[in-house]
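Student: What follows is my_file28.cif, mmCIF, C-alpha atoms.
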data_final
loop_
_atom_site.group_PDB
_atom_site.id
_atom_site.type_symbol
_atom_site.label_atom_id
_atom_site.label_comp_id
_atom_site.auth_asym_id
_atom_site.auth_seq_id
_atom_site.Cartn_x
_atom_site.Cartn_y
_atom_site.Cartn_z
ATOM 1 C CA MET A 1 116.932 66.316 199.952
ATOM 2 C CA ASP A 2 113.991 68.675 199.472
ATOM 3 C CA THR A 3 110.471 67.319 198.947
ATOM 4 C CA LEU A 4 110.283 68.161 195.246
ATOM 5 C CA SER A 5 113.616 66.445 194.514
ATOM 6 C CA GLN A 6 112.501 63.437 196.521
ATOM 7 C CA THR A 7 109.247 63.244 194.547
ATOM 8 C CA PHE A 8 110.957 63.444 191.155
ATOM 9 C CA SER A 9 113.596 60.948 192.278
ATOM 10 C CA ALA A 10 110.850 58.503 193.263
ATOM 11 C CA LEU A 11 109.065 59.054 189.942
ATOM 12 C CA ALA A 12 112.264 58.480 187.957
ATOM 13 C CA ASP A 13 112.005 54.699 188.340
ATOM 14 C CA PRO A 14 109.595 52.842 185.999
ATOM 15 C CA THR A 15 108.788 50.210 188.646
ATOM 16 C CA ARG A 16 107.714 52.897 191.097
ATOM 17 C CA ARG A 17 105.617 54.612 188.416
ATOM 18 C CA ALA A 18 103.940 51.261 187.681
ATOM 19 C CA ILE A 19 103.221 50.806 191.395
ATOM 20 C CA LEU A 20 101.648 54.272 191.527
ATOM 21 C CA ALA A 21 99.561 53.485 188.435
ATOM 22 C CA ARG A 22 98.301 50.312 190.108
ATOM 23 C CA LEU A 23 97.484 52.179 193.322
ATOM 24 C CA ALA A 24 95.520 54.777 191.333
ATOM 25 C CA ALA A 25 92.951 51.999 190.841
ATOM 26 C CA GLY A 26 92.723 51.450 194.618
ATOM 27 C CA GLY A 27 94.650 50.217 197.618
ATOM 28 C CA ALA A 28 96.588 46.961 197.438
ATOM 29 C CA THR A 29 98.680 44.692 199.610
ATOM 30 C CA VAL A 30 102.424 44.467 199.157
ATOM 31 C CA GLY A 31 101.955 40.986 197.695
ATOM 32 C CA GLU A 32 99.428 42.258 195.149
ATOM 33 C CA LEU A 33 101.771 45.071 194.159
ATOM 34 C CA ALA A 34 104.675 42.639 193.766
ATOM 35 C CA GLU A 35 102.772 40.194 191.501
ATOM 36 C CA PRO A 36 103.514 41.766 188.088
ATOM 37 C CA PHE A 37 107.212 42.251 188.819
ATOM 38 C CA ASP A 38 109.995 39.726 188.545
ATOM 39 C CA MET A 39 111.614 40.723 191.838
ATOM 40 C CA SER A 40 111.632 39.673 195.461
ATOM 41 C CA LEU A 41 109.257 41.049 198.090
ATOM 42 C CA PRO A 42 112.164 42.830 199.843
ATOM 43 C CA ALA A 43 113.001 44.585 196.563
ATOM 44 C CA VAL A 44 109.379 45.702 196.168
ATOM 45 C CA SER A 45 109.412 46.840 199.802
ATOM 46 C CA ARG A 46 112.445 49.025 199.079
ATOM 47 C CA HIS A 47 110.522 50.678 196.210
ATOM 48 C CA LEU A 48 107.564 51.187 198.549
ATOM 49 C CA LYS A 49 109.840 52.803 201.137
ATOM 50 C CA VAL A 50 111.068 55.314 198.545
ATOM 51 C CA LEU A 51 107.468 56.101 197.564
ATOM 52 C CA THR A 52 106.463 56.438 201.224
ATOM 53 C CA ASP A 53 109.416 58.697 202.049
ATOM 54 C CA ALA A 54 108.485 60.902 199.078
ATOM 55 C CA GLY A 55 104.930 61.191 200.422
ATOM 56 C CA LEU A 56 103.411 59.506 197.376
ATOM 57 C CA ILE A 57 101.907 56.508 199.162
ATOM 58 C CA GLU A 58 100.708 55.602 202.618
ATOM 59 C CA ARG A 59 101.297 52.185 204.177
ATOM 60 C CA HIS A 60 99.327 50.688 207.035
ATOM 61 C CA THR A 61 98.709 47.284 208.546
ATOM 62 C CA GLU A 62 95.367 45.490 208.494
ATOM 63 C CA ALA A 63 95.572 42.261 210.497
ATOM 64 C CA GLN A 64 98.478 40.385 208.896
ATOM 65 C CA TRP A 65 98.413 42.392 205.631
ATOM 66 C CA ARG A 66 100.394 45.477 204.809
ATOM 67 C CA ARG A 67 98.248 47.671 202.565
ATOM 68 C CA CYS A 68 99.342 50.599 200.476
ATOM 69 C CA GLU A 69 97.277 53.510 199.207
ATOM 70 C CA LEU A 70 98.027 56.406 196.919
ATOM 71 C CA ARG A 71 98.395 59.836 198.517
ATOM 72 C CA GLY A 72 97.244 62.266 195.846
ATOM 73 C CA GLU A 73 98.529 65.283 197.738
ATOM 74 C CA GLY A 74 102.035 63.822 197.488
ATOM 75 C CA LEU A 75 102.081 64.751 193.813
ATOM 76 C CA ARG A 76 100.741 68.287 194.385
ATOM 77 C CA ALA A 77 104.140 70.007 194.677
ATOM 78 C CA ALA A 78 105.394 68.294 191.514
ATOM 79 C CA ALA A 79 102.187 69.118 189.631
ATOM 80 C CA ASP A 80 102.384 72.763 190.745
ATOM 81 C CA TRP A 81 106.033 73.010 189.688
ATOM 82 C CA ILE A 82 105.270 71.493 186.268
ATOM 83 C CA GLU A 83 102.207 73.741 185.844
ATOM 84 C CA HIS A 84 104.313 76.850 186.482
ATOM 85 C CA TYR A 85 106.684 75.932 183.637
ATOM 86 C CA ARG A 86 103.838 74.797 181.370
ATOM 87 C CA ARG A 87 102.306 78.279 181.663
ATOM 88 C CA PHE A 88 105.726 79.872 181.076
ATOM 89 C CA TRP A 89 106.345 77.912 177.866
ATOM 90 C CA GLU A 90 102.780 78.335 176.648
ATOM 91 C CA ALA A 91 103.085 82.116 177.023
ATOM 92 C CA SER A 92 106.476 82.047 175.292
ATOM 93 C CA PHE A 93 105.073 80.093 172.355
ATOM 94 C CA ASP A 94 102.075 82.455 172.146
ATOM 95 C CA ARG A 95 104.466 85.431 171.946
ATOM 96 C CA LEU A 96 106.527 83.663 169.286
ATOM 97 C CA ASP A 97 103.366 82.871 167.310
ATOM 98 C CA ALA A 98 102.277 86.515 167.490
ATOM 99 C CA PHE A 99 105.729 87.698 166.402
ATOM 100 C CA LEU A 100 105.772 85.309 163.442
ATOM 101 C CA LYS A 101 102.305 86.463 162.370
ATOM 102 C CA ASP A 102 103.365 90.117 162.664
ATOM 103 C CA THR A 103 106.495 89.597 160.594
ATOM 104 C CA ASP A 104 105.035 87.261 157.953
ATOM 105 C CA PRO A 105 104.938 89.169 154.652
ATOM 106 C CA LYS A 106 101.956 87.080 153.492
ATOM 107 C CA THR A 107 99.773 88.386 156.316
ATOM 108 C CA LYS A 108 100.678 92.075 155.828
ATOM 109 C CA LYS A 109 97.869 92.978 153.429
ATOM 110 C CA GLY A 110 97.747 96.537 152.247
ATOM 111 C CA LYS A 111 101.076 97.428 153.837
ATOM 112 C CA PRO A 112 103.785 98.505 151.427
ATOM 113 C CA ASN A 113 106.997 96.548 151.453
ATOM 114 C CA ALA A 114 109.740 98.862 152.777
ATOM 115 C CA ARG A 115 112.361 97.240 150.535
ATOM 116 C CA ARG A 116 110.414 97.657 147.308
ATOM 117 C CA LYS A 117 111.187 100.774 145.289
ATOM 118 C CA ASP A 118 108.452 102.257 143.156
ATOM 119 C CA ARG A 119 109.462 102.693 139.545
#
Translate this structure into structure tokens?
Tutor:
Amino acid sequence: MDTLSQTFSALADPTRRAILARLAAGGATVGELAEPFDMSLPAVSRHLKVLTDAGLIERHTEAQWRRCELRGEGLRAAADWIEHYRRFWEASFDRLDAFLKDTDPKTKKGKPNARRKDR
């Protein structure tokens, strides 16, 4: 699976998004990350593995604790991909807006209506 697909797959799960939101506030141990969830530590560890494999978090050991930290650069490819399409749609909507303004009969002041016949 390519990196971008792996990132979006990891972000598809609400538990993993909640873990990332918690890590945005700072590093935490696996136990601290597991606290708000009604699931076992092995289940949380499986979520952490998915996030690690996607490059979204980094895990390391400090004495007997396993700490996790957010890797901001892990989201860069996804953010860049989304930004590309945001610019595309923004430009498309700007063109549509311009077209609607150009074709709106209310905004065509002083221009004769081609359909109207003078009598």
Student: Which residues, named as in the file, does the PyMOL selection byres ((chain A and resi 46-51) around 12) pick out? Answer as a PyMOL selection string.
Tutor: chain A and resi 3+6-20+23+28-31+33-34+37+39-45+52-60+66-71+74-75
Student: Using CA of Trp65 (chain A) and CA of Arg22 (chain A) as the two end points, give the distance in Å to one decimal.
Tutor: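 Pair CA of Trp65 (chain A) / CA of Arg22 (chain A) returns 17.4 Å.
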Student: Could you work out an axis-aligned bounding box for all listed atoms of region 102-108 of chain A, with 8 Å added on each of the six sides, and give its centre and edge lengths in Å to one decimal, as AutoDock Vina command-line options?
Tutor:
--center_x 103.1 --center_y 89.6 --center_z 158.1 --size_x 22.7 --size_y 21.0 --size_z 25.2
Student: Quick one: pull the distance between CA of Arg76 (chain A) and CA of Gly27 (chain A), Å, one decimal.
Tutor: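 A separation of 19.3 Å between them.
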Student: How many Å separate CA of Tyr85 (chain A) from CA of Asp97 (chain A)?
Tutor: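 If I compute the distance from CA of Tyr85 (chain A) to CA of Asp97 (chain A), I get 18.0 Å.
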